[in-house]
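Remarks on the structure that follows.
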Amino acid sequence: MNADVVVVLAVLAAAAVLFVTGRVRYDAVGLSVAVALALLGAIPMERTIEGFANPAVVTIAAVLVLSGGLYRTGVANFVGRRVMGLAGRSPLRVTALLMLTAGLMSGVMNNIAATALLLPVALDIAKRLEMPPSRLLIPLAWASLLGGMTTLIGTGPNILVSEALVAAGEAPVRFFDFTPVGAAALAAGIVYMVFFGVRLLPARSSSAGEDQGRRGLGQRYGLAGELFTLRLPHDSLLHGRTLVGARIGRALAVDVLAVRRGRSLTRAPDRLFTLRGGDELVVKGRRAACDELRAWGSLLPASAAGGDRRQSTPWAFLERATAAAEVEVAEGSELAGRTLREVDFSNQLGVRVLGSAGEVPGGQDGTTGHADRGQRATGATAIEPGGRLLVVGPFEDIRGLVPGEDFASVRTVTLSQAAARYGLDDSLLRLNVPERSGLAGVTLAGSRLSWAFGLTVIGIERAGEMIILPGGNVKLQAGDRLAIDGDSADRDVLMGLQALEPGDALPPLSELESDQAVFAEVTLAPSSTAAGKSLRDLDFRRKFGLSLLSVWRGGVANLSTSGLRGMALEFGDALLLYGRPRSVAKLSRDSRFLVMNADPGESFRLERAAPAAAIMLAVVGSAALGLMPIYVAALGGSLLMIATGCIKGSEVYQLVDWRVIVLLAGMIALGLAMEESGTAELIATEVVGRAGAGGSRLLLAALFLVCGVAAQVVPTAVVAVLVTPVALSVAAEFGLSPHALLMVVALGSSCAFLSPFGHPVNLLVMGVGGYRVTDYTRAGLPLFVVLGLITVFVLPLVWPLR
């Protein structure tokens with residue numbers, strides 16, 4: 001074993017580990033492999049990026065564009081819906097026709113696009129026949145994989161092995177040369193799934209239909225215990241406030257789905273909807289949130305406390321441990337023009353800004369006088385040159401404020417007197433934390449006093465000790481007396497929320513849908529850039545105005561309203577959304593998401609359907625007749641799709657999954673290194689070759705098994721790239737037909753049936769179908785065996801081994 005073989009095997013092992021763990025992006029793995037091989041001398045430097053010019057890689061990219069043209073113009077949708085219109089009401093006939101349609105479409109377009117296009121069709125059929133979608137979606141996904149085996153452009157492995165044969169000096173594979181074996185695989189897969197495999201799939205609740213369907217939807221997404229009603233008392237302090245002004249969502253971590261007022265029901269109210277006393281809110285969240293809020297205790301203005309004023313107001317105990325000052329902002333200060341939130345006085349200077357006042361002209365000498373009356377400062381308050389700020393803080397921090405570049409003057413003041421002059425008497429609130437309060441044991445940051453209510457704790461009196469300007473990590477305790485910077489509006493909101501009452505019986509989910517609002521199931525598009533980001537990162541609520549109710553992931557419904565907003569999205573997630581139909585339509589036009597119940601006619605360019613169909617027929621015909629190489633035909637067709645307006649030029653970069661292109665280009669360098677270093681020959685002799693001693697059929701089974709098992713965790717195209725050199729070496733070693741062995745590689749590399757992670761089409765249907773990982777293994781293992789038997793016994797009849 002020479003040094004180059006050791007290097008290649010080490011790089012191969014490292015790449016396999018990275019693929020299996022998924023901790024590094026696939027495209028990054030591909031590039032890293034190519035660079036590592038060049039730096040270690042396993043391949044010449046000038047051949048490092050040879051994969052980017054490989055005809056197979058170019059063809060795959062062009063086919064993605066062609067598929068996008070069929071998708072965007074509605075050609076594939078028209079064919080799919082017309083064919084499925086013949087299905088009738090028999091579940092067996094529907095399953096068979098759905099799989100046949102998906103298989104035929106995948107023969108001429110990307111199988112991911114075919115699955116994405118037929119996914120809403122399958123859900124619509126499930127609704128019409130009251131079938132569980134889980135009985136249709138895996139058959140749909142697997143039919144697209146099987147259909148991809150039927151033509152040269154059906155799937156990446158077919159294109160890659162064809163180009164490998166040409167590079168090895170063998171006769172090229174023609175367009176329909178894959179059809180006999182691929183058609184046998186597709187037919188066997190349909191028969192298996194219709195009569196046996198569908199029985200191994202879960203019968204999880206349908207997500208469509210009216211009352212019964214919506215109950216099933218609620219059950220699958222776990223909404224039953226999360227939906228409830230709240231009523232505003234007739235004298236509610238929230239009367240006249242908008243939903244956003246009432247802070248219901250932030251304070252209680254709930255989504256308001258509807259508002260019942262008398263006999264009318266307003267569905268999906270917007271954030272500016274005005275509340276009235278007596279309104280009943282249909283919300284999704286935690287029922288205990290209101291009880292916890294009531295257990296906080298009462299928030300009172302300082303002036304409302306009884307007894308000695310100096311002992312009952314926040315100022316009384318604050319003045320014992322704090323000082324106050326009035327600072328004038330210098331004309332040339334860098335603070336001028338910025339907001340208090342941007343400057344963050346608490347962290348920068350250790351003080352809290354309570355009030356602000358503009359410049360008041362002084363006497364005839366031109367000096368600046370004091371502001372007669374200021375106002376409460378908030379984070380949005382702008383700092384003005386010559387203006388004055390009332391600040392409070394520990395004695396040492398106040399003493400640290402001195403005139404300079406930022407402050408023209410600093411004058412200490414009495415806190416109580418300054419508060420009156422700035423009109424802050426109503427802004428100083430007191431909250432006593434009672435025993436068993438929901439605040440006890442919670443940090444200030446966790447209490448959401450500031451984030452949800454706009455209230456800032458400026459002091460805590462605890463067992464005779466003073467905590468001034470406490471940080472967010474300070475835990476509250478029963479018996480604490482809090483001095484809070486707020487105002488009467490903030491206090492009224494909190495008291496209004498604490499006074500909310502349990503409402504009447506919850507309306508059925510079907511009542512929440514109308515022309516005003518709908519439920520929508522959404523999943524990530526296969527090449528979505530939203531993966532790894534949360535809805536908060538995407539600014540989803542502001543852009544689309546939709547409420548996220550639940551996320552189905554890995555067989556579990558995730559419901560926490562506050563947690564969902566920060567949850568990073570993953571491929572395979574199914575999102576249950578609620579909102580206005582126009583918002584759902586807007587989301588359906590976003591290429592990052594697939595909306596299951598959107599109206600497809602809104603986004604298709606139906607007037608360009610005829611040119612798109614003609615272009616695709618021309619590409620297939622020219623390649624099938626051998627008039628030009630497939631990569632030339634596919635590139636020419638892609639250019640025509642753009643020239644005729646079937647797709648826009650800017651859309652090309654969205655249609656092509658560049659991560660796959662970069663991955664393949666990098667892994668082709670590894671395949672080259674395996675071939676030139678002798679690694680492929682070594683594996684062929686020592687690993688696969690040992691099976692050849694038991695006969696050619698055992699060798700075929702071993703080669704199929706290697707490809708099929710690897711395809712469950714490694715991208716199928718990568719499997720084809722890596723095993724192809726080995727198969728060519730086996731063919732040379734045993735005098736077998738390279739065409740036959742590479743057909744085995746193409747077939748085995750596409751058999752990603754045992755895991756949802758082997759191919760994007762599996763993830764595409766996982767969340768919407770409510771599948772778990774074990775569902776794929778249970779139903780996919782017999783199909784995997786069936787395909788293995790076809791490889792061993794049928795393929796040699798079409799492609800003789802010798």
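The way I read the labels, and the way they are meant: chains A, B, ... in the order of the structure tokens, residue 1 as the first residue of every chain, and ligand 1 as the first ligand shown, with later ones counted on from there.
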
* To do: Taking the chain letters and numbering used in this document, name the residues of segment 575-783 of chain A that DSSP puts in helix (DSSP H, G or I), as an NGL selection string.
  => :A and (581-588 or 600-602 or 606-624 or 630-643 or 649-655 or 658-677 or 679-692 or 696-710 or 716-734 or 738-749 or 760-769 or 773-783)

12 Å contact set for Ala680 of chain A, only C-alpha atoms, chain neighbours under 4 positions out, as a short mmCIF file (atom, residue, chain, number, x, y, z; two decimals) with N, CA, C and O atoms, in the first residue's frame:
data_model
loop_
_atom_site.label_atom_id
_atom_site.label_comp_id
_atom_site.auth_asym_id
_atom_site.auth_seq_id
_atom_site.Cartn_x
_atom_site.Cartn_y
_atom_site.Cartn_z
N ASP A 4 0.14 7.34 -1.33
CA ASP A 4 -1.04 8.00 -1.89
C ASP A 4 -2.32 7.27 -1.50
O ASP A 4 -3.36 7.90 -1.24
N VAL A 5 -2.26 5.95 -1.47
CA VAL A 5 -3.43 5.17 -1.08
C VAL A 5 -3.81 5.48 0.36
O VAL A 5 -5.00 5.64 0.70
N VAL A 8 -5.48 8.89 0.46
CA VAL A 8 -6.83 8.87 -0.10
C VAL A 8 -7.79 8.17 0.86
O VAL A 8 -8.92 8.64 1.08
N LEU A 9 -7.37 7.06 1.44
CA LEU A 9 -8.23 6.35 2.38
C LEU A 9 -8.52 7.20 3.61
O LEU A 9 -9.65 7.19 4.14
N LEU A 12 -10.98 9.84 2.57
CA LEU A 12 -12.27 9.18 2.37
C LEU A 12 -12.95 8.91 3.71
O LEU A 12 -14.16 9.16 3.88
N LEU A 670 -12.11 13.47 -5.40
CA LEU A 670 -11.82 12.28 -4.60
C LEU A 670 -11.94 11.02 -5.46
O LEU A 670 -11.11 10.10 -5.34
N GLY A 671 -12.94 10.96 -6.34
CA GLY A 671 -13.06 9.83 -7.24
C GLY A 671 -11.85 9.72 -8.15
O GLY A 671 -11.34 8.61 -8.43
N LEU A 672 -11.36 10.85 -8.64
CA LEU A 672 -10.16 10.87 -9.48
C LEU A 672 -8.96 10.35 -8.70
O LEU A 672 -8.16 9.54 -9.21
N ALA A 673 -8.81 10.80 -7.45
CA ALA A 673 -7.69 10.36 -6.62
C ALA A 673 -7.77 8.86 -6.33
O ALA A 673 -6.75 8.17 -6.31
N MET A 674 -8.99 8.35 -6.11
CA MET A 674 -9.15 6.91 -5.86
C MET A 674 -8.70 6.10 -7.08
O MET A 674 -8.07 5.04 -6.94
N GLU A 675 -9.02 6.61 -8.25
CA GLU A 675 -8.68 5.89 -9.47
C GLU A 675 -7.18 5.94 -9.75
O GLU A 675 -6.55 4.92 -10.04
N GLU A 676 -6.56 7.13 -9.67
CA GLU A 676 -5.17 7.29 -10.06
C GLU A 676 -4.20 6.77 -9.00
O GLU A 676 -3.08 6.39 -9.33
N ALA A 684 -11.53 -2.75 -4.82
CA ALA A 684 -12.16 -3.72 -5.71
C ALA A 684 -11.63 -5.12 -5.47
O ALA A 684 -12.38 -6.11 -5.49
N THR A 685 -10.34 -5.21 -5.23
CA THR A 685 -9.72 -6.53 -5.05
C THR A 685 -9.95 -7.09 -3.67
O THR A 685 -10.33 -8.26 -3.51
N GLU A 686 -9.74 -6.26 -2.64
CA GLU A 686 -9.75 -6.75 -1.28
C GLU A 686 -11.14 -6.76 -0.63
O GLU A 686 -11.36 -7.49 0.32
N VAL A 687 -12.04 -5.95 -1.13
CA VAL A 687 -13.36 -5.85 -0.49
C VAL A 687 -14.43 -6.47 -1.38
O VAL A 687 -14.92 -7.58 -1.14
N VAL A 688 -14.77 -5.75 -2.46
CA VAL A 688 -15.82 -6.23 -3.34
C VAL A 688 -15.38 -7.50 -4.06
O VAL A 688 -16.16 -8.43 -4.29
N GLY A 689 -14.11 -7.55 -4.42
CA GLY A 689 -13.61 -8.69 -5.16
C GLY A 689 -13.76 -10.01 -4.44
O GLY A 689 -13.91 -11.07 -5.06
N VAL A 721 -20.41 8.78 -7.19
CA VAL A 721 -19.08 9.28 -7.53
C VAL A 721 -18.00 8.41 -6.92
O VAL A 721 -16.99 8.06 -7.57
N LEU A 722 -18.18 8.00 -5.67
CA LEU A 722 -17.14 7.27 -4.95
C LEU A 722 -17.09 5.79 -5.33
O LEU A 722 -16.01 5.19 -5.33
N VAL A 723 -18.23 5.19 -5.62
CA VAL A 723 -18.24 3.75 -5.90
C VAL A 723 -17.95 3.46 -7.37
O VAL A 723 -17.50 2.37 -7.71
N THR A 724 -18.18 4.43 -8.24
CA THR A 724 -17.94 4.21 -9.68
C THR A 724 -16.51 3.77 -9.98
O THR A 724 -16.31 2.79 -10.73
N PRO A 725 -15.46 4.41 -9.45
CA PRO A 725 -14.10 3.92 -9.72
C PRO A 725 -13.89 2.48 -9.25
O PRO A 725 -13.18 1.71 -9.89
N VAL A 726 -14.51 2.15 -8.12
CA VAL A 726 -14.39 0.79 -7.60
C VAL A 726 -15.05 -0.20 -8.55
O VAL A 726 -14.51 -1.27 -8.87
N ALA A 727 -16.25 0.16 -9.05
CA ALA A 727 -16.96 -0.72 -9.97
C ALA A 727 -16.18 -0.91 -11.27
O ALA A 727 -16.13 -2.03 -11.83
N LEU A 728 -15.57 0.15 -11.77
CA LEU A 728 -14.77 0.02 -12.99
C LEU A 728 -13.57 -0.89 -12.77
O LEU A 728 -13.19 -1.68 -13.65
N SER A 729 -12.97 -0.80 -11.59
CA SER A 729 -11.83 -1.68 -11.27
C SER A 729 -12.27 -3.13 -11.14
O SER A 729 -11.57 -4.05 -11.57
N VAL A 730 -13.44 -3.35 -10.55
CA VAL A 730 -13.98 -4.71 -10.44
C VAL A 730 -14.24 -5.28 -11.83
O VAL A 730 -13.94 -6.46 -12.11
N ALA A 731 -14.79 -4.45 -12.72
CA ALA A 731 -15.06 -4.91 -14.08
C ALA A 731 -13.77 -5.33 -14.77
O ALA A 731 -13.72 -6.37 -15.46
N ALA A 732 -12.72 -4.55 -14.59
CA ALA A 732 -11.44 -4.90 -15.21
C ALA A 732 -10.83 -6.13 -14.56
O ALA A 732 -10.24 -6.99 -15.24
N GLU A 733 -10.98 -6.26 -13.25
CA GLU A 733 -10.39 -7.38 -12.51
C GLU A 733 -11.04 -8.71 -12.90
O GLU A 733 -10.35 -9.73 -13.06
#

* To do: Would you kindly return, as a list in words, each protein, DNA or RNA residue with an atom no farther than 8 Å from any atom of segment 756-760 of chain A, considering only C-alpha atoms and excluding same-chain residues fewer than 2 positions away?
  => Ile112, Pro526, Ala711, Gln712, Val713, Val714, Pro715, Thr716, Ala752, Phe753, Leu754, Asn762, Leu763, Leu764, Met766, Val773 and Tyr776 of chain A

Keeping N, CA, C and O atoms for every residue in the selection just given, could you write it to a file as a short mmCIF file (atom, residue, chain, number, x, y, z; two decimals), in the first residue's frame?
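part39.cif, freshly written:
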data_model
loop_
_atom_site.label_atom_id
_atom_site.label_comp_id
_atom_site.auth_asym_id
_atom_site.auth_seq_id
_atom_site.Cartn_x
_atom_site.Cartn_y
_atom_site.Cartn_z
N ILE A 112 -37.06 15.88 -6.79
CA ILE A 112 -37.48 16.74 -5.68
C ILE A 112 -38.59 17.67 -6.14
O ILE A 112 -39.60 17.86 -5.45
N PRO A 526 -36.79 22.13 -0.39
CA PRO A 526 -35.56 21.34 -0.27
C PRO A 526 -34.28 22.16 -0.24
O PRO A 526 -33.33 21.79 0.44
N ALA A 711 -26.13 5.02 0.76
CA ALA A 711 -27.11 6.03 0.34
C ALA A 711 -28.07 6.43 1.45
O ALA A 711 -28.79 7.42 1.31
N GLN A 712 -28.11 5.70 2.56
CA GLN A 712 -29.01 6.07 3.65
C GLN A 712 -28.47 7.25 4.46
O GLN A 712 -29.23 7.92 5.17
N VAL A 713 -27.16 7.49 4.38
CA VAL A 713 -26.57 8.56 5.20
C VAL A 713 -25.71 9.52 4.39
O VAL A 713 -25.35 10.59 4.86
N VAL A 714 -25.36 9.15 3.17
CA VAL A 714 -24.51 9.98 2.31
C VAL A 714 -25.33 10.37 1.09
O VAL A 714 -26.11 9.55 0.58
N PRO A 715 -25.22 11.61 0.60
CA PRO A 715 -25.97 12.00 -0.61
C PRO A 715 -25.79 11.00 -1.73
O PRO A 715 -24.67 10.52 -2.00
N THR A 716 -26.89 10.68 -2.40
CA THR A 716 -26.87 9.60 -3.39
C THR A 716 -25.87 9.86 -4.52
O THR A 716 -25.20 8.93 -4.99
N ALA A 752 -32.57 5.10 -1.43
CA ALA A 752 -32.55 5.75 -0.11
C ALA A 752 -33.91 5.60 0.57
O ALA A 752 -34.62 6.58 0.79
N PHE A 753 -34.25 4.35 0.91
CA PHE A 753 -35.57 4.08 1.46
C PHE A 753 -35.58 3.84 2.97
O PHE A 753 -36.65 3.81 3.58
N LEU A 754 -34.44 3.62 3.59
CA LEU A 754 -34.39 3.15 4.98
C LEU A 754 -34.31 4.28 5.99
O LEU A 754 -34.46 4.04 7.20
N ASN A 762 -37.38 12.46 1.06
CA ASN A 762 -37.85 11.84 2.30
C ASN A 762 -38.12 12.88 3.37
O ASN A 762 -39.12 12.81 4.10
N LEU A 763 -37.23 13.85 3.49
CA LEU A 763 -37.42 14.93 4.47
C LEU A 763 -38.59 15.82 4.08
O LEU A 763 -39.29 16.36 4.94
N LEU A 764 -38.80 15.96 2.78
CA LEU A 764 -39.86 16.84 2.30
C LEU A 764 -41.23 16.40 2.79
O LEU A 764 -42.09 17.22 3.11
N MET A 766 -41.68 14.26 5.44
CA MET A 766 -41.62 13.73 6.81
C MET A 766 -42.54 14.48 7.77
O MET A 766 -43.36 13.89 8.47
N VAL A 773 -38.72 8.35 12.19
CA VAL A 773 -37.62 7.69 11.48
C VAL A 773 -37.92 6.22 11.27
O VAL A 773 -37.66 5.64 10.21
N TYR A 776 -39.85 4.93 8.09
CA TYR A 776 -39.10 4.72 6.86
C TYR A 776 -38.42 3.36 6.87
O TYR A 776 -38.44 2.64 5.86
#

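Take atom CA of Ala489 of chain A and atom CA of Val392 of chain A: the distance between them is 22.4 Å.
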
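The coordinates place atom CA of Asn111 of chain A at 14.3 Å from atom CA of Val660 of chain A.
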
Extract, using only C-alpha atoms, all DNA, RNA and protein residues at most 6 Å from segment 470-482 of chain A, discarding same-chain residues fewer than 2 positions from it, and format them as a short mmCIF file (atom, residue, chain, number, x, y, z; two decimals) with C-alpha atoms, in the first residue's frame.
data_model
loop_
_atom_site.label_atom_id
_atom_site.label_comp_id
_atom_site.auth_asym_id
_atom_site.auth_seq_id
_atom_site.Cartn_x
_atom_site.Cartn_y
_atom_site.Cartn_z
CA ARG A 430 -44.31 49.77 43.91
CA LEU A 431 -44.69 46.01 43.77
CA ASN A 432 -44.53 43.84 46.84
CA VAL A 433 -43.69 40.22 45.99
CA PRO A 434 -46.10 38.13 48.12
CA GLU A 435 -45.59 34.61 49.38
CA ALA A 440 -40.36 34.38 43.58
CA GLY A 441 -37.28 32.53 42.40
CA VAL A 442 -37.38 34.12 38.95
CA THR A 443 -34.63 36.39 37.65
CA LEU A 444 -35.51 39.90 36.59
CA ALA A 445 -34.78 38.96 32.98
CA GLY A 459 -34.35 49.20 43.28
CA ILE A 460 -35.12 46.23 45.52
CA GLU A 461 -35.55 46.45 49.29
CA ARG A 462 -34.80 43.05 50.79
CA ILE A 468 -29.77 49.52 43.44
#

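Between Phe604 of chain A and the residues A:Leu640, A:Ala188, A:Val75, A:Ala38, the shortest atom-to-atom distance, using only C-alpha atoms, involves A:Val75.
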
* Counting only C-alpha atoms, the residue of A:Lys543, A:Arg592, A:Arg605, A:Arg135 that sits nearest Ala525 of chain A -> A:Arg592

* Mind the document's chain letters and residue numbers, and return as number ranges by chain the residues of segment 437-646 of chain A that DSSP labels strand (DSSP E). => A: 456-462, 465-468, 481-485, 501-502, 518-524, 547-553, 556-558, 574-579, 593-595

Just-selected residues, N, CA and C atoms written as a CSV table (one decimal), in the first residue's frame:
chain,number,residue,atom,x,y,z
A,456,THR,N,-39.2,48.8,34.4
A,456,THR,CA,-37.8,48.6,34.8
A,456,THR,C,-37.7,48.7,36.3
A,457,VAL,N,-37.1,47.7,36.9
A,457,VAL,CA,-36.9,47.7,38.4
A,457,VAL,C,-35.6,48.5,38.6
A,458,ILE,N,-35.8,49.6,39.4
A,458,ILE,CA,-34.6,50.4,39.7
A,458,ILE,C,-34.1,50.2,41.1
A,459,GLY,N,-34.8,49.5,41.9
A,459,GLY,CA,-34.4,49.2,43.3
A,459,GLY,C,-35.1,48.1,43.9
A,460,ILE,N,-34.5,47.3,44.8
A,460,ILE,CA,-35.1,46.2,45.5
A,460,ILE,C,-34.8,46.4,47.0
A,461,GLU,N,-35.8,46.5,47.8
A,461,GLU,CA,-35.5,46.5,49.3
A,461,GLU,C,-35.8,45.0,49.8
A,462,ARG,N,-34.7,44.5,50.4
A,462,ARG,CA,-34.8,43.0,50.8
A,462,ARG,C,-34.1,42.9,52.2
A,465,GLU,N,-31.8,45.5,53.4
A,465,GLU,CA,-30.7,45.9,52.5
A,465,GLU,C,-31.3,46.4,51.2
A,466,MET,N,-30.4,47.2,50.5
A,466,MET,CA,-30.8,47.9,49.3
A,466,MET,C,-30.0,47.3,48.1
A,467,ILE,N,-30.7,47.0,47.0
A,467,ILE,CA,-30.1,46.6,45.8
A,467,ILE,C,-30.5,47.6,44.7
A,468,ILE,N,-29.5,48.4,44.3
A,468,ILE,CA,-29.8,49.5,43.4
A,468,ILE,C,-29.4,49.1,42.0
A,481,ARG,N,-39.5,44.2,48.1
A,481,ARG,CA,-40.3,45.5,47.7
A,481,ARG,C,-39.5,46.1,46.5
A,482,LEU,N,-40.3,46.2,45.4
A,482,LEU,CA,-39.6,46.6,44.2
A,482,LEU,C,-40.0,48.1,43.9
A,483,ALA,N,-39.0,48.9,43.6
A,483,ALA,CA,-39.3,50.2,43.1
A,483,ALA,C,-39.1,50.1,41.5
A,484,ILE,N,-40.2,50.5,40.8
A,484,ILE,CA,-40.3,50.3,39.4
A,484,ILE,C,-40.5,51.6,38.7
A,485,ASP,N,-39.7,51.7,37.6
A,485,ASP,CA,-39.9,52.9,36.7
A,485,ASP,C,-40.9,52.5,35.6
A,501,GLU,N,-60.6,36.9,32.6
A,501,GLU,CA,-61.4,35.8,33.2
A,501,GLU,C,-61.4,34.6,32.2
A,502,PRO,N,-61.6,33.4,32.7
A,502,PRO,CA,-61.8,32.3,31.8
A,502,PRO,C,-63.0,32.5,30.9
A,518,VAL,N,-57.4,31.1,7.7
A,518,VAL,CA,-57.3,29.6,7.4
A,518,VAL,C,-56.1,29.1,8.2
A,519,PHE,N,-56.1,27.8,8.3
A,519,PHE,CA,-54.9,27.0,8.8
A,519,PHE,C,-54.1,26.7,7.6
A,520,ALA,N,-52.8,26.6,7.7
A,520,ALA,CA,-51.9,26.2,6.6
A,520,ALA,C,-50.8,25.4,7.2
A,521,GLU,N,-50.6,24.3,6.5
A,521,GLU,CA,-49.4,23.4,6.8
A,521,GLU,C,-48.3,23.8,5.8
A,522,VAL,N,-47.1,24.0,6.4
A,522,VAL,CA,-46.0,24.5,5.6
A,522,VAL,C,-44.7,23.7,5.9
A,523,THR,N,-43.9,23.4,4.9
A,523,THR,CA,-42.6,22.8,5.2
A,523,THR,C,-41.6,23.6,4.4
A,524,LEU,N,-40.3,23.3,4.7
A,524,LEU,CA,-39.2,24.0,4.1
A,524,LEU,C,-39.0,23.4,2.7
A,547,SER,N,-49.5,33.4,12.4
A,547,SER,CA,-49.1,32.9,13.7
A,547,SER,C,-48.7,31.4,13.6
A,548,LEU,N,-47.5,31.1,14.2
A,548,LEU,CA,-47.0,29.7,14.2
A,548,LEU,C,-47.6,29.1,15.5
A,549,LEU,N,-48.4,28.0,15.2
A,549,LEU,CA,-49.1,27.3,16.3
A,549,LEU,C,-48.3,26.1,16.8
A,550,SER,N,-47.7,25.4,15.9
A,550,SER,CA,-47.0,24.2,16.3
A,550,SER,C,-46.0,23.8,15.2
A,551,VAL,N,-45.0,23.0,15.6
A,551,VAL,CA,-44.0,22.5,14.7
A,551,VAL,C,-43.9,21.0,15.0
A,552,TRP,N,-44.2,20.2,13.9
A,552,TRP,CA,-44.1,18.7,14.0
A,552,TRP,C,-42.7,18.4,13.6
A,553,ARG,N,-41.9,17.8,14.5
A,553,ARG,CA,-40.5,17.4,14.2
A,553,ARG,C,-40.2,16.0,14.8
A,556,VAL,N,-42.9,14.4,17.0
A,556,VAL,CA,-43.3,15.1,18.2
A,556,VAL,C,-43.8,16.5,17.8
A,557,ALA,N,-44.9,16.9,18.5
A,557,ALA,CA,-45.4,18.3,18.2
A,557,ALA,C,-44.8,19.2,19.3
A,558,ASN,N,-44.2,20.3,18.8
A,558,ASN,CA,-43.6,21.3,19.6
A,558,ASN,C,-44.5,22.5,19.7
A,574,ALA,N,-42.7,20.3,9.9
A,574,ALA,CA,-44.0,20.7,9.4
A,574,ALA,C,-44.5,21.8,10.3
A,575,LEU,N,-44.8,23.0,9.7
A,575,LEU,CA,-45.3,24.1,10.5
A,575,LEU,C,-46.8,24.3,10.3
A,576,LEU,N,-47.5,24.4,11.4
A,576,LEU,CA,-48.9,24.7,11.4
A,576,LEU,C,-49.1,26.2,11.6
A,577,LEU,N,-49.6,26.9,10.6
A,577,LEU,CA,-49.7,28.4,10.7
A,577,LEU,C,-51.2,28.7,10.7
A,578,TYR,N,-51.5,29.9,11.1
A,578,TYR,CA,-52.9,30.4,11.1
A,578,TYR,C,-52.8,31.9,10.7
A,579,GLY,N,-53.7,32.3,9.8
A,579,GLY,CA,-53.8,33.7,9.5
A,579,GLY,C,-54.7,34.0,8.3
A,593,PHE,N,-40.3,28.3,1.2
A,593,PHE,CA,-41.4,27.5,1.9
A,593,PHE,C,-42.3,26.8,0.8
A,594,LEU,N,-42.8,25.7,1.2
A,594,LEU,CA,-43.8,25.0,0.4
A,594,LEU,C,-45.1,25.0,1.3
A,595,VAL,N,-46.2,25.6,0.7
A,595,VAL,CA,-47.4,25.7,1.4
A,595,VAL,C,-48.3,24.6,0.9

* Near Ala634 of chain A, counting only C-alpha atoms, which residues have an atom at most 8 Å away, once you skip same-chain residues fewer than 2 positions from it, shown as number ranges by chain? -> A: 59, 62-63, 66, 619, 630-632, 636-638

* Write out as an MDAnalysis selection string each polymer residue whose atoms come within 12 Å of Glu607 of chain A, counting only C-alpha atoms; drop sequence neighbours fewer than 3 positions from it. => chainID A and resid 72:75 601 603:604 610:613 644:647

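Between Ser427 of chain A and the residues A:Ser488, A:Ser749, A:Thr151, A:Ser356, the shortest atom-to-atom distance, using only C-alpha atoms, involves A:Ser488.
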
* **Between atom CA of Gly154 of chain A and atom CA of Ala633 of chain A - distance in Å to one decimal** => 14.7 Å

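Restricting the calculation to only C-alpha atoms, the smallest distance between Ala224 of chain A and any of A:Gly486, A:Pro55, A:Pro507, A:Gly694 is found for A:Pro507.
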